$ cat coords-v3.txt   # compact mmCIF, C-alpha atoms and all ligand atoms
# COMPACT_ATOMS: atom_id res chain seq x y z
CA MET K 363 -5.56 -20.61 -76.96
CA GLU K 364 -2.73 -20.87 -79.47
CA GLN K 365 -4.36 -23.83 -81.19
CA ASN K 366 -7.66 -22.01 -81.53
CA LEU K 367 -5.85 -19.08 -83.00
CA SER K 368 -4.02 -21.06 -85.65
CA ARG K 369 -7.35 -22.60 -86.65
CA SER K 370 -9.09 -19.26 -86.92
CA LEU K 371 -6.27 -17.42 -88.71
CA PRO K 372 -6.06 -17.86 -92.45
CA PRO K 373 -3.05 -19.90 -93.53
CA LEU K 374 -1.09 -16.98 -94.93
CA PHE K 375 1.85 -19.06 -95.94
CA PRO K 376 0.80 -22.66 -96.38
CA GLN K 377 4.37 -23.95 -96.77
CA SER K 378 7.13 -21.50 -96.13
CA PRO K 379 6.38 -17.81 -95.79
CA PHE K 380 9.06 -17.02 -98.30
CA GLN K 381 8.93 -19.55 -101.08
CA GLY K 382 6.28 -18.23 -103.35
CA LEU K 383 5.77 -14.89 -101.68
CA PRO K 384 2.91 -13.62 -103.82
CA CYS K 385 3.80 -11.50 -106.82
CA GLY K 386 1.74 -9.03 -108.81
CA THR K 387 -1.50 -7.18 -108.27
CA ALA K 388 -3.76 -10.19 -108.39
CA SER K 389 -1.97 -11.92 -105.55
CA ARG K 390 -1.64 -8.68 -103.59
CA ASP K 391 -5.42 -8.33 -103.79
CA PHE K 392 -5.71 -11.93 -102.76
CA LEU K 393 -3.51 -11.34 -99.72
CA SER K 394 -5.39 -8.26 -98.60
CA ARG K 395 -8.73 -10.01 -99.06
CA LEU K 396 -7.37 -12.87 -97.07
CA GLN K 397 -6.29 -10.58 -94.29
CA ASN K 398 -9.02 -7.99 -94.78
CA PHE K 399 -7.29 -5.37 -92.68
CA PRO K 400 -9.37 -2.47 -91.39
CA GLU K 401 -8.71 0.94 -92.90
CA LEU K 402 -6.00 3.01 -91.18
CA LYS K 403 -7.50 5.94 -89.26
CA ASN K 404 -4.34 7.64 -88.00
CA ASP K 405 -1.51 7.76 -90.53
CA THR K 406 0.47 10.58 -88.83
CA PHE K 407 3.39 8.30 -87.96
CA LEU K 408 3.58 6.91 -91.51
CA ARG K 409 3.32 10.37 -93.06
CA ALA K 410 6.18 11.67 -90.90
CA ALA K 411 8.24 8.57 -91.71
CA TRP K 412 7.80 9.19 -95.46
CA GLY K 413 8.70 12.86 -94.99
CA GLU K 414 5.19 14.20 -95.57
CA GLU K 415 3.70 17.08 -93.60
CA THR K 416 1.78 16.29 -90.43
CA ASP K 417 -0.63 18.31 -88.27
CA TYR K 418 1.23 17.36 -85.10
CA THR K 419 4.31 15.33 -84.15
CA PRO K 420 3.59 11.58 -83.93
CA VAL K 421 4.96 9.76 -80.91
CA TRP K 422 5.61 6.21 -79.74
CA CYS K 423 8.01 4.76 -77.15
CA MET K 424 10.61 2.05 -77.51
CA ARG K 425 9.62 -0.78 -75.15
CA GLN K 426 6.16 0.72 -74.79
CA ALA K 427 4.91 -2.80 -74.05
CA GLY K 428 6.79 -3.67 -70.92
CA ARG K 429 7.16 -4.35 -67.25
CA TYR K 430 6.35 -0.78 -66.22
CA LEU K 431 2.69 -1.65 -66.92
CA PRO K 432 0.98 -3.70 -64.18
CA GLU K 433 -1.24 -5.36 -66.82
CA PHE K 434 1.93 -6.45 -68.69
CA ARG K 435 3.30 -8.10 -65.54
CA GLU K 436 0.00 -9.88 -65.06
CA THR K 437 -0.14 -11.22 -68.64
CA ARG K 438 3.54 -12.23 -68.57
CA ALA K 439 3.35 -13.87 -65.12
CA ALA K 440 1.84 -17.10 -66.36
CA GLN K 441 4.52 -18.05 -68.90
CA ASP K 442 8.23 -17.93 -69.61
CA PHE K 443 9.36 -15.15 -71.94
CA PHE K 444 9.86 -17.07 -75.18
CA SER K 445 6.61 -19.02 -74.74
CA THR K 446 4.92 -15.64 -74.57
CA CYS K 447 6.70 -14.66 -77.80
CA ARG K 448 5.35 -17.85 -79.43
CA SER K 449 1.76 -17.14 -78.47
CA PRO K 450 0.12 -14.80 -81.04
CA GLU K 451 -2.75 -14.08 -78.61
CA ALA K 452 -0.35 -13.02 -75.83
CA CYS K 453 1.82 -10.93 -78.20
CA CYS K 454 -1.29 -9.21 -79.53
CA GLU K 455 -2.58 -8.46 -76.03
CA LEU K 456 0.80 -7.09 -74.88
CA THR K 457 1.11 -4.94 -78.02
CA LEU K 458 -2.33 -3.41 -77.43
CA GLN K 459 -1.93 -2.73 -73.70
CA PRO K 460 -0.02 0.58 -73.96
CA LEU K 461 -2.47 1.77 -76.66
CA ARG K 462 -5.38 1.34 -74.27
CA ARG K 463 -3.69 3.74 -71.86
CA PHE K 464 -2.01 6.33 -74.08
CA PRO K 465 -2.86 8.03 -77.40
CA LEU K 466 0.30 6.68 -79.06
CA ASP K 467 0.64 7.09 -82.83
CA ALA K 468 2.13 3.65 -83.53
CA ALA K 469 2.12 0.14 -82.10
CA ILE K 470 5.20 -2.11 -82.11
CA ILE K 471 4.64 -5.84 -82.21
CA PHE K 472 5.56 -7.58 -78.97
CA SER K 473 8.40 -10.01 -79.75
CA ASP K 474 12.16 -10.01 -79.27
CA ILE K 475 15.25 -9.70 -81.43
CA LEU K 476 16.53 -13.03 -80.03
CA VAL K 477 13.88 -15.11 -81.79
CA VAL K 478 16.22 -15.00 -84.80
CA PRO K 479 19.18 -16.81 -83.14
CA GLN K 480 16.60 -19.26 -81.78
CA ALA K 481 15.26 -19.87 -85.28
CA LEU K 482 18.84 -20.54 -86.39
CA GLY K 483 18.84 -23.42 -83.93
CA MET K 484 20.49 -21.85 -80.86
CA GLU K 485 18.99 -22.42 -77.45
CA VAL K 486 18.11 -19.15 -75.70
CA THR K 487 16.37 -18.70 -72.37
CA MET K 488 15.35 -15.48 -70.63
CA VAL K 489 16.53 -15.68 -67.04
CA PRO K 490 14.35 -13.47 -64.83
CA GLY K 491 16.41 -10.67 -63.33
CA LYS K 492 19.44 -11.55 -65.47
CA GLY K 493 18.45 -11.37 -69.11
CA PRO K 494 19.06 -13.64 -72.09
CA SER K 495 21.23 -16.72 -71.74
CA PHE K 496 22.65 -18.98 -74.46
CA PRO K 497 23.93 -22.19 -72.83
CA GLU K 498 26.01 -23.00 -75.91
CA PRO K 499 27.25 -19.75 -77.46
CA LEU K 500 29.38 -19.72 -80.62
CA ARG K 501 32.98 -20.31 -79.55
CA GLU K 502 34.79 -21.55 -82.65
CA GLU K 503 34.41 -20.98 -86.34
CA ARG K 504 33.18 -24.55 -86.76
CA ASP K 505 30.24 -23.72 -84.43
CA LEU K 506 28.73 -21.90 -87.42
CA GLU K 507 28.01 -25.35 -88.86
CA ARG K 508 25.49 -25.83 -86.05
CA LEU K 509 23.34 -23.04 -87.45
CA ARG K 510 20.31 -23.91 -89.51
CA ASP K 511 20.05 -22.89 -93.15
CA PRO K 512 18.82 -19.23 -93.29
CA ALA K 513 15.72 -19.95 -95.41
CA ALA K 514 14.72 -22.77 -93.06
CA ALA K 515 15.39 -20.49 -90.08
CA ALA K 516 13.16 -17.73 -91.45
CA SER K 517 10.30 -20.16 -91.95
CA GLU K 518 10.55 -21.10 -88.24
CA LEU K 519 9.25 -17.64 -87.42
CA GLY K 520 5.65 -18.12 -88.57
CA TYR K 521 4.44 -17.46 -85.03
CA VAL K 522 5.66 -13.85 -85.33
CA PHE K 523 3.76 -13.45 -88.60
CA GLN K 524 0.62 -14.82 -86.97
CA ALA K 525 1.02 -12.37 -84.09
CA ILE K 526 1.40 -9.49 -86.56
CA THR K 527 -1.67 -10.47 -88.60
CA LEU K 528 -3.81 -10.90 -85.51
CA THR K 529 -2.62 -7.61 -83.99
CA ARG K 530 -3.16 -5.69 -87.21
CA GLN K 531 -6.73 -6.98 -87.27
CA ARG K 532 -7.38 -6.16 -83.62
CA LEU K 533 -5.82 -2.71 -83.93
CA ALA K 534 -8.85 -1.97 -86.10
CA GLY K 535 -6.88 0.65 -88.05
CA ARG K 536 -6.31 2.82 -85.00
CA VAL K 537 -2.57 3.30 -85.64
CA PRO K 538 0.05 1.59 -87.81
CA LEU K 539 1.87 -1.53 -86.61
CA ILE K 540 5.69 -1.58 -86.58
CA GLY K 541 7.60 -4.83 -87.13
CA PHE K 542 11.24 -5.13 -86.10
CA ALA K 543 14.42 -7.18 -85.90
CA GLY K 544 17.91 -6.88 -84.44
CA ALA K 545 20.67 -5.88 -86.88
CA PRO K 546 23.31 -8.51 -87.69
CA TRP K 547 26.10 -7.15 -85.44
CA THR K 548 23.79 -6.81 -82.42
CA LEU K 549 22.50 -10.37 -82.89
CA MET K 550 26.07 -11.63 -83.29
CA THR K 551 27.04 -10.14 -79.91
CA TYR K 552 24.43 -12.26 -78.12
CA MET K 553 25.28 -15.41 -80.08
CA VAL K 554 28.99 -15.14 -79.30
CA GLU K 555 28.82 -13.66 -75.78
CA GLY K 556 26.04 -16.02 -74.72
CA GLY K 557 24.06 -13.14 -73.23
CA SER K 558 24.38 -9.47 -72.34
CA SER K 559 27.88 -8.10 -71.84
CA SER K 560 29.30 -4.74 -70.80
CA THR K 561 32.42 -5.00 -73.01
CA MET K 562 31.47 -7.32 -75.90
CA ALA K 563 35.03 -8.60 -75.60
CA GLN K 564 34.24 -12.07 -76.97
CA ALA K 565 32.25 -10.78 -79.92
CA LYS K 566 34.92 -8.18 -80.69
CA ARG K 567 37.62 -10.83 -80.36
CA TRP K 568 35.88 -12.57 -83.27
CA LEU K 569 36.03 -9.37 -85.34
CA TYR K 570 39.80 -9.02 -84.74
CA GLN K 571 40.84 -12.68 -84.76
CA ARG K 572 38.34 -14.20 -87.16
CA PRO K 573 37.21 -11.50 -89.56
CA GLN K 574 36.21 -14.01 -92.23
CA ALA K 575 34.16 -16.14 -89.88
CA SER K 576 32.59 -12.95 -88.53
CA HIS K 577 31.56 -11.91 -92.03
CA LYS K 578 30.21 -15.39 -92.60
CA LEU K 579 28.07 -15.17 -89.47
CA LEU K 580 26.89 -11.64 -90.26
CA GLY K 581 26.02 -12.82 -93.78
CA ILE K 582 24.00 -15.75 -92.43
CA LEU K 583 22.11 -13.38 -90.13
CA THR K 584 21.42 -10.99 -93.01
CA ASP K 585 20.11 -13.90 -95.07
CA VAL K 586 17.60 -14.71 -92.31
CA LEU K 587 16.65 -11.08 -91.60
CA VAL K 588 15.74 -10.23 -95.18
CA PRO K 589 12.97 -12.85 -95.63
CA TYR K 590 11.98 -12.40 -91.98
CA LEU K 591 11.32 -8.67 -92.42
CA ILE K 592 9.61 -9.17 -95.79
CA GLY K 593 7.46 -11.84 -94.14
CA GLN K 594 6.52 -9.35 -91.39
CA VAL K 595 5.28 -6.90 -94.03
CA ALA K 596 3.41 -9.66 -95.88
CA ALA K 597 1.77 -10.49 -92.55
CA GLY K 598 0.68 -6.89 -91.94
CA ALA K 599 3.57 -4.79 -90.55
CA GLN K 600 3.28 -1.21 -91.85
CA ALA K 601 6.81 -0.06 -90.95
CA LEU K 602 10.02 -1.83 -89.90
CA GLN K 603 12.65 -0.90 -87.32
CA LEU K 604 16.12 -2.42 -87.25
CA PHE K 605 17.74 -2.29 -83.81
CA GLU K 606 21.54 -1.96 -83.86
CA SER K 607 21.54 -1.66 -80.08
CA HIS K 608 25.24 -2.41 -79.69
CA ALA K 609 26.64 -0.03 -82.29
CA GLY K 610 28.42 1.90 -79.53
CA HIS K 611 30.85 -0.94 -78.87
CA LEU K 612 32.34 -0.51 -82.32
CA GLY K 613 34.54 2.41 -83.32
CA THR K 614 34.29 3.95 -86.75
CA GLU K 615 36.47 1.36 -88.45
CA LEU K 616 34.86 -1.77 -87.04
CA PHE K 617 31.42 -0.25 -87.54
CA SER K 618 32.10 0.51 -91.19
CA LYS K 619 33.42 -3.02 -91.75
CA PHE K 620 31.14 -5.20 -89.67
CA ALA K 621 27.90 -3.31 -89.07
CA LEU K 622 27.16 -0.73 -91.76
CA PRO K 623 27.47 -2.99 -94.85
CA TYR K 624 24.91 -5.39 -93.36
CA ILE K 625 22.59 -2.57 -92.26
CA ARG K 626 22.67 -1.30 -95.86
CA ASP K 627 22.21 -4.76 -97.30
CA VAL K 628 19.13 -5.43 -95.17
CA ALA K 629 17.42 -2.22 -96.39
CA LYS K 630 18.33 -2.80 -100.02
CA ARG K 631 17.27 -6.42 -100.10
CA VAL K 632 14.07 -5.92 -98.09
CA LYS K 633 12.99 -3.13 -100.45
CA ALA K 634 13.79 -5.19 -103.53
CA GLY K 635 12.05 -8.22 -102.02
CA LEU K 636 8.89 -6.27 -101.22
CA GLN K 637 8.75 -5.00 -104.76
CA LYS K 638 9.35 -8.45 -106.19
CA ALA K 639 6.57 -9.87 -104.03
CA GLY K 640 4.16 -7.15 -105.18
CA LEU K 641 3.94 -5.72 -101.67
CA ALA K 642 3.70 -1.97 -101.11
CA PRO K 643 6.88 -0.41 -99.71
CA VAL K 644 6.96 0.41 -95.99
CA PRO K 645 9.16 3.00 -94.28
CA MET K 646 12.23 1.55 -92.58
CA ILE K 647 13.84 2.90 -89.41
CA ILE K 648 17.44 2.32 -88.36
CA PHE K 649 18.18 2.80 -84.67
CA ALA K 650 21.90 2.42 -83.94
CA LYS K 651 22.31 3.13 -80.25
CA ASP K 652 25.45 5.15 -79.51
CA GLY K 653 26.21 5.16 -83.22
CA HIS K 654 26.40 8.96 -83.45
CA PHE K 655 29.88 8.68 -84.97
CA ALA K 656 28.26 7.17 -88.08
CA LEU K 657 25.23 9.43 -88.35
CA GLU K 658 25.97 10.64 -91.88
CA GLU K 659 26.48 7.07 -93.12
CA LEU K 660 23.33 5.85 -91.37
CA ALA K 661 21.32 8.64 -93.01
CA GLN K 662 22.45 7.31 -96.39
CA ALA K 663 22.04 3.62 -95.63
CA GLY K 664 18.65 3.25 -97.35
CA TYR K 665 16.32 3.95 -94.41
CA GLU K 666 13.61 6.60 -94.38
CA VAL K 667 14.04 7.23 -90.64
CA VAL K 668 17.12 7.45 -88.42
CA GLY K 669 16.51 6.88 -84.70
CA LEU K 670 18.70 8.79 -82.26
CA ASP K 671 19.68 8.12 -78.67
CA TRP K 672 19.74 10.99 -76.20
CA THR K 673 23.46 11.69 -76.50
CA VAL K 674 22.95 13.41 -79.86
CA ALA K 675 21.88 17.07 -79.94
CA PRO K 676 18.84 17.32 -82.26
CA LYS K 677 19.97 20.47 -84.08
CA LYS K 678 23.43 19.05 -84.74
CA ALA K 679 21.94 15.75 -85.90
CA ARG K 680 19.73 17.60 -88.41
CA GLU K 681 22.71 19.61 -89.66
CA ARG K 682 24.70 16.42 -90.13
CA VAL K 683 22.07 14.30 -91.89
CA GLY K 684 20.48 16.99 -94.07
CA LYS K 685 16.82 17.03 -94.98
CA ALA K 686 16.49 13.73 -96.79
CA VAL K 687 15.58 11.58 -93.76
CA THR K 688 13.10 11.74 -90.91
CA LEU K 689 14.66 11.77 -87.43
CA GLN K 690 13.22 9.84 -84.49
CA GLY K 691 13.95 10.20 -80.79
CA ASN K 692 15.47 11.10 -78.47
CA LEU K 693 14.43 12.05 -74.93
CA ASP K 694 16.61 10.46 -72.25
CA PRO K 695 14.33 7.70 -70.90
CA CYS K 696 15.41 8.71 -67.38
CA ALA K 697 13.80 12.11 -67.95
CA LEU K 698 10.57 10.24 -67.19
CA TYR K 699 11.72 10.12 -63.56
CA ALA K 700 11.30 13.92 -63.52
CA SER K 701 8.11 15.79 -62.58
CA GLU K 702 5.36 16.24 -65.19
CA GLU K 703 6.24 19.95 -65.45
CA GLU K 704 9.87 19.13 -66.13
CA ILE K 705 8.88 16.49 -68.71
CA GLY K 706 6.75 19.16 -70.42
CA ARG K 707 9.70 21.57 -70.48
CA LEU K 708 12.11 18.94 -71.85
CA VAL K 709 9.63 17.86 -74.53
CA GLN K 710 9.09 21.46 -75.60
CA GLN K 711 12.85 21.94 -75.91
CA MET K 712 13.18 18.72 -77.90
CA LEU K 713 10.36 19.66 -80.28
CA ASP K 714 11.77 23.16 -80.79
CA ASP K 715 15.16 21.69 -81.61
CA PHE K 716 13.96 19.00 -84.02
CA GLY K 717 11.44 21.31 -85.68
CA PRO K 718 7.86 20.52 -86.67
CA GLN K 719 8.32 18.31 -89.76
CA ARG K 720 10.27 15.17 -90.71
CA TYR K 721 10.26 14.17 -87.08
CA ILE K 722 8.83 11.34 -84.94
CA ALA K 723 9.05 11.81 -81.18
CA ASN K 724 10.31 8.89 -79.09
CA LEU K 725 12.68 8.20 -76.23
CA GLY K 726 16.40 7.76 -76.88
CA HIS K 727 16.11 4.10 -75.79
CA GLY K 728 13.54 1.84 -74.15
CA LEU K 729 11.40 2.48 -71.08
CA TYR K 730 12.66 0.93 -67.84
CA PRO K 731 10.53 -1.40 -65.71
CA ASP K 732 10.38 0.99 -62.74
CA MET K 733 8.91 3.88 -64.69
CA ASP K 734 5.59 5.39 -63.71
CA PRO K 735 2.96 4.88 -66.45
CA GLU K 736 1.57 8.33 -65.61
CA ARG K 737 4.84 9.93 -66.69
CA VAL K 738 4.72 8.02 -69.97
CA GLY K 739 1.26 9.51 -70.49
CA ALA K 740 2.63 12.96 -69.61
CA PHE K 741 5.36 12.51 -72.24
CA VAL K 742 2.91 11.50 -74.97
CA ASP K 743 0.48 14.30 -74.12
CA ALA K 744 3.26 16.89 -74.02
CA VAL K 745 4.42 15.89 -77.51
CA HIS K 746 0.90 16.23 -78.91
CA LYS K 747 0.17 19.50 -77.14
CA HIS K 748 3.45 21.31 -77.83
CA SER K 749 3.72 20.14 -81.41
CA ARG K 750 0.28 21.54 -82.22
CA LEU K 751 1.20 24.83 -80.56
CA LEU K 752 4.48 24.90 -82.49
CA ARG K 753 2.60 24.66 -85.78
CA GLN K 754 0.26 27.51 -84.81
CA ASN K 755 3.13 29.91 -84.20
O1 LIG J 801 10.14 -10.82 -69.10
C1 LIG J 801 10.21 -9.73 -69.68
O2 LIG J 801 9.21 -9.05 -69.81
C2 LIG J 801 11.58 -9.32 -70.14
C3 LIG J 801 11.74 -7.93 -70.67
C4 LIG J 801 11.72 -7.91 -72.21
C5 LIG J 801 10.73 -7.35 -73.03
C6 LIG J 801 9.50 -6.64 -72.60
C7 LIG J 801 12.69 -8.47 -73.06
C8 LIG J 801 13.87 -9.22 -72.64
N1 LIG J 801 12.29 -8.26 -74.37
C9 LIG J 801 11.12 -7.59 -74.41
C10 LIG J 801 10.32 -7.23 -75.61
C11 LIG J 801 10.99 -6.51 -76.68
N2 LIG J 801 12.33 -6.59 -76.97
C12 LIG J 801 10.38 -5.65 -77.64
C13 LIG J 801 8.88 -5.42 -77.82
C14 LIG J 801 8.26 -4.54 -76.80
C15 LIG J 801 8.22 -3.08 -77.10
O3 LIG J 801 9.19 -2.51 -77.58
O4 LIG J 801 7.18 -2.49 -76.82
C16 LIG J 801 11.41 -5.16 -78.46
C17 LIG J 801 11.28 -4.14 -79.58
C18 LIG J 801 12.62 -5.76 -78.03
C19 LIG J 801 13.90 -5.58 -78.71
C20 LIG J 801 15.13 -6.01 -78.03
N3 LIG J 801 15.38 -7.14 -77.29
C21 LIG J 801 16.37 -5.31 -78.16
C22 LIG J 801 16.54 -4.06 -78.96
C23 LIG J 801 16.07 -2.86 -78.22
C24 LIG J 801 16.99 -2.41 -77.11
O5 LIG J 801 16.54 -2.49 -75.96
O6 LIG J 801 18.11 -2.00 -77.41
C25 LIG J 801 17.34 -6.02 -77.43
C26 LIG J 801 18.79 -5.65 -77.28
C27 LIG J 801 16.71 -7.19 -76.90
C28 LIG J 801 17.35 -8.28 -76.13
C29 LIG J 801 16.73 -8.44 -74.79
N4 LIG J 801 15.44 -8.81 -74.58
C30 LIG J 801 15.16 -8.83 -73.25
C31 LIG J 801 16.35 -8.47 -72.55
C32 LIG J 801 16.49 -8.38 -71.06
C33 LIG J 801 17.33 -8.25 -73.53
C34 LIG J 801 18.78 -7.92 -73.28
C35 LIG J 801 19.05 -6.46 -73.17
C36 LIG J 801 20.55 -6.24 -72.89
O7 LIG J 801 21.40 -6.98 -73.40
O8 LIG J 801 20.83 -5.32 -72.12
$ encode --input "coords-v3.txt" --output "structure tokens" --more "lines below"
Ligand code: 1CP
Amino acid sequence: MEQNLSRSLPPLFPQSPFQGLPCGTASRDFLSRLQNFPELKNDTFLRAAWGEETDYTPVWCMRQAGRYLPEFRETRAAQDFFSTCRSPEACCELTLQPLRRFPLDAAIIFSDILVVPQALGMEVTMVPGKGPSFPEPLREERDLERLRDPAAAASELGYVFQAITLTRQRLAGRVPLIGFAGAPWTLMTYMVEGGSSSTMAQAKRWLYQRPQASHKLLGILTDVLVPYLIGQVAAGAQALQLFESHAGHLGTELFSKFALPYIRDVAKRVKAGLQKAGLAPVPMIIFAKDGHFALEELAQAGYEVVGLDWTVAPKKARERVGKAVTLQGNLDPCALYASEEEIGRLVQQMLDDFGPQRYIANLGHGLYPDMDPERVGAFVDAVHKHSRLLRQN
């Protein structure tokens, strides 16, 4: 399957996706002819992300492709997790599955943030029921020497670009496709901890004991993420989300030293890189889970959209960030365990509080595997219904 696909897909990046990213109008035309993407029919999500008026509130769900869907479990059953990530056909199928069920306003490419440490040369496996596992995590400063050169690492990720191009074609312009990556600090936690952790004590030990080595690692990650995200846009991603899922483990000081500068740098360099390559700008979303303490800074970090988890009150968030950014979020995912009536009530409250414009509805974090797909549908429908009513009043 994979071999057929690589034969049928145009060689977007014959050598490395990044050396010689096309510049200027002529090459942009060349790229779009090469990819020949269908015209976008529903731009509500993109309009809201850019701060333009919309007729209703667009909605998508973090982890909308996932184990809560029986068809996802069936597709995933045949292969281990990272083999699935390396198969453009499988990633495309998994990305499209939730869109066949629900009238979502955006798709997010099926992949994982941990493909970046893998591309840097680290071994990562996904242990069923346990989560990610790095048999040889970073223990000493000299372990950084094991990491591959960032440019070489980014060019390892061609399979993600292929998945994006294929999915954008198969989406047939129905909704925009979001690309994503983990932010440097969040990726560092996995590389140092060797997997998930409730305290991040090892990763934080690095920040306190080896600040210079930590900055070096975060810099290496940033140097991979910038061409990786630009490559996703060149391949067809129409928006980008950066996941700083472990922001909450850092207090204000550590966050401002070890997370925020890299979050800012990614946005700045991706935007400059897109321009240099002659690619149209795409809206960028920063989602820093439990990072409410840095909301003002995040709103000024160079992203068009700030994602919120459910611990932040929408009205207060809007007061704190001002009007210059779009907000995204933030229903407690566990609210989907409630009845459809209750979901409707909670959605209405959320929409009233965020207001009708400069807003993208989502959950405050990802869907859980035991969630009922019907409730996900109820959430999406409630957002569409109430947001239209809100605009009529
Ligand atoms: O076998 C499986 O199906 C495993 C479950 C799974 C899935 C569906 C994992 C393992 N990753 C993914 C896909 C995925 N991961 C997507 C695309 C699907 C979609 O959103 O529709 C995305 C955007 C991610 C991003 C991701 N991976 C994040 C950031 C978002 C978040 O949840 O905060 C993180 C932290 C990861 C790491 C990861 N991947 C998978 C697991 C179990 C973990 C560890 C989570 C943890 O440490 O608690």
$ residues_around --input "coords-v3.txt" --residues "Ala534 in chain K" --least-positions-apart "6" --cutoff "9 Å" --atoms "only C-alpha atoms" --output "ChimeraX atom specification"
/K:399-403
$ write_last_selection --input "coords-v3.txt" --atoms "C-alpha atoms" --output "PDB file, in the frame of the given file"
ATOM      1  CA  PHE K 399      -7.290  -5.370 -92.680  1.00  0.00           C
ATOM      2  CA  PRO K 400      -9.370  -2.470 -91.390  1.00  0.00           C
ATOM      3  CA  GLU K 401      -8.710   0.940 -92.900  1.00  0.00           C
ATOM      4  CA  LEU K 402      -6.000   3.010 -91.180  1.00  0.00           C
ATOM      5  CA  LYS K 403      -7.500   5.940 -89.260  1.00  0.00           C
TER       6      LYS K 403
END
$ residues_near_ligand --input "coords-v3.txt" --ligand "ligand LIG 801 (chain J)" --cutoff "6 Å" --atoms "only C-alpha atoms and all ligand atoms" --output "list in words"
Met424, Arg425, Gln426, Ala427, Gly428, Arg429, Phe443, Ile470, Phe472, Ser473, Asp474, Ile475, Gly493, Pro494, Ser558, Phe605, Ser607 and Gly728 of chain K
$ axis_aligned_box --input "coords-v3.txt" --around "range 497-507 of chain K" --padding-each-side "3 Å" --output "lines of an AutoDock Vina configuration file"
center_x = 29.4
center_y = -22.5
center_z = -80.8
size_x = 16.9
size_y = 11.6
size_z = 22.0
$ closest_residue --input "coords-v3.txt" --among "K:Glu606, K:Asp714, K:Glu615, K:Glu658" --to "His727 in chain K" --atoms "all atoms listed in the file"
K:Glu606
$ atom_distance --input "coords-v3.txt" --atom1 "CA of Asp417 in chain K" --atom2 "CA of Glu736 in chain K"
24.9 Å
$ closest_residue --input "coords-v3.txt" --among "K:Met488, K:Leu660, K:Ile625, K:Val683" --to "Phe444 in chain K" --atoms "all atoms listed in the file"
K:Met488
$ residues_around --input "coords-v3.txt" --residues "Leu482 in chain K" --least-positions-apart "4" --cutoff "8 Å" --atoms "all atoms listed in the file" --output "VMD selection string"
chain K and resid 478 509 to 512 515
$ residues_around --input "coords-v3.txt" --residues "Pro546 in chain K" --least-positions-apart "6" --cutoff "12 Å" --atoms "only C-alpha atoms" --output "JSON, numbers by chain"
{"K": [475, 476, 478, 479, 552, 553, 576, 577, 578, 579, 580, 581, 582, 583, 584, 585, 586, 587, 588, 604, 605, 606, 607, 608, 609, 617, 620, 621, 622, 623, 624, 625, 626, 627, 628, 650]}
$ atom_distance --input "coords-v3.txt" --atom1 "CA of Lys619 in chain K" --atom2 "CA of Arg567 in chain K"
14.4 Å
$ residues_around --input "coords-v3.txt" --residues "range 518-522 of chain K" --least-positions-apart "4" --cutoff "9 Å" --atoms "all atoms listed in the file" --output "PyMOL selection string"
chain K and resi 375+378-379+447-450+453+471-473+477-478+481-482+513-514+526-527+590+593-594+597
$ closest_residue --input "coords-v3.txt" --among "K:Gln710, K:Ser618, K:Ile647, K:Ala661" --to "Trp547 in chain K" --atoms "only C-alpha atoms"
K:Ser618
$ atom_distance --input "coords-v3.txt" --atom1 "CA of Arg720 in chain K" --atom2 "CA of Val421 in chain K"
12.4 Å
$ closest_residue --input "coords-v3.txt" --among "K:Phe741, K:Val554, K:Pro676, K:Thr437" --to "Pro497 in chain K" --atoms "all atoms listed in the file"
K:Val554
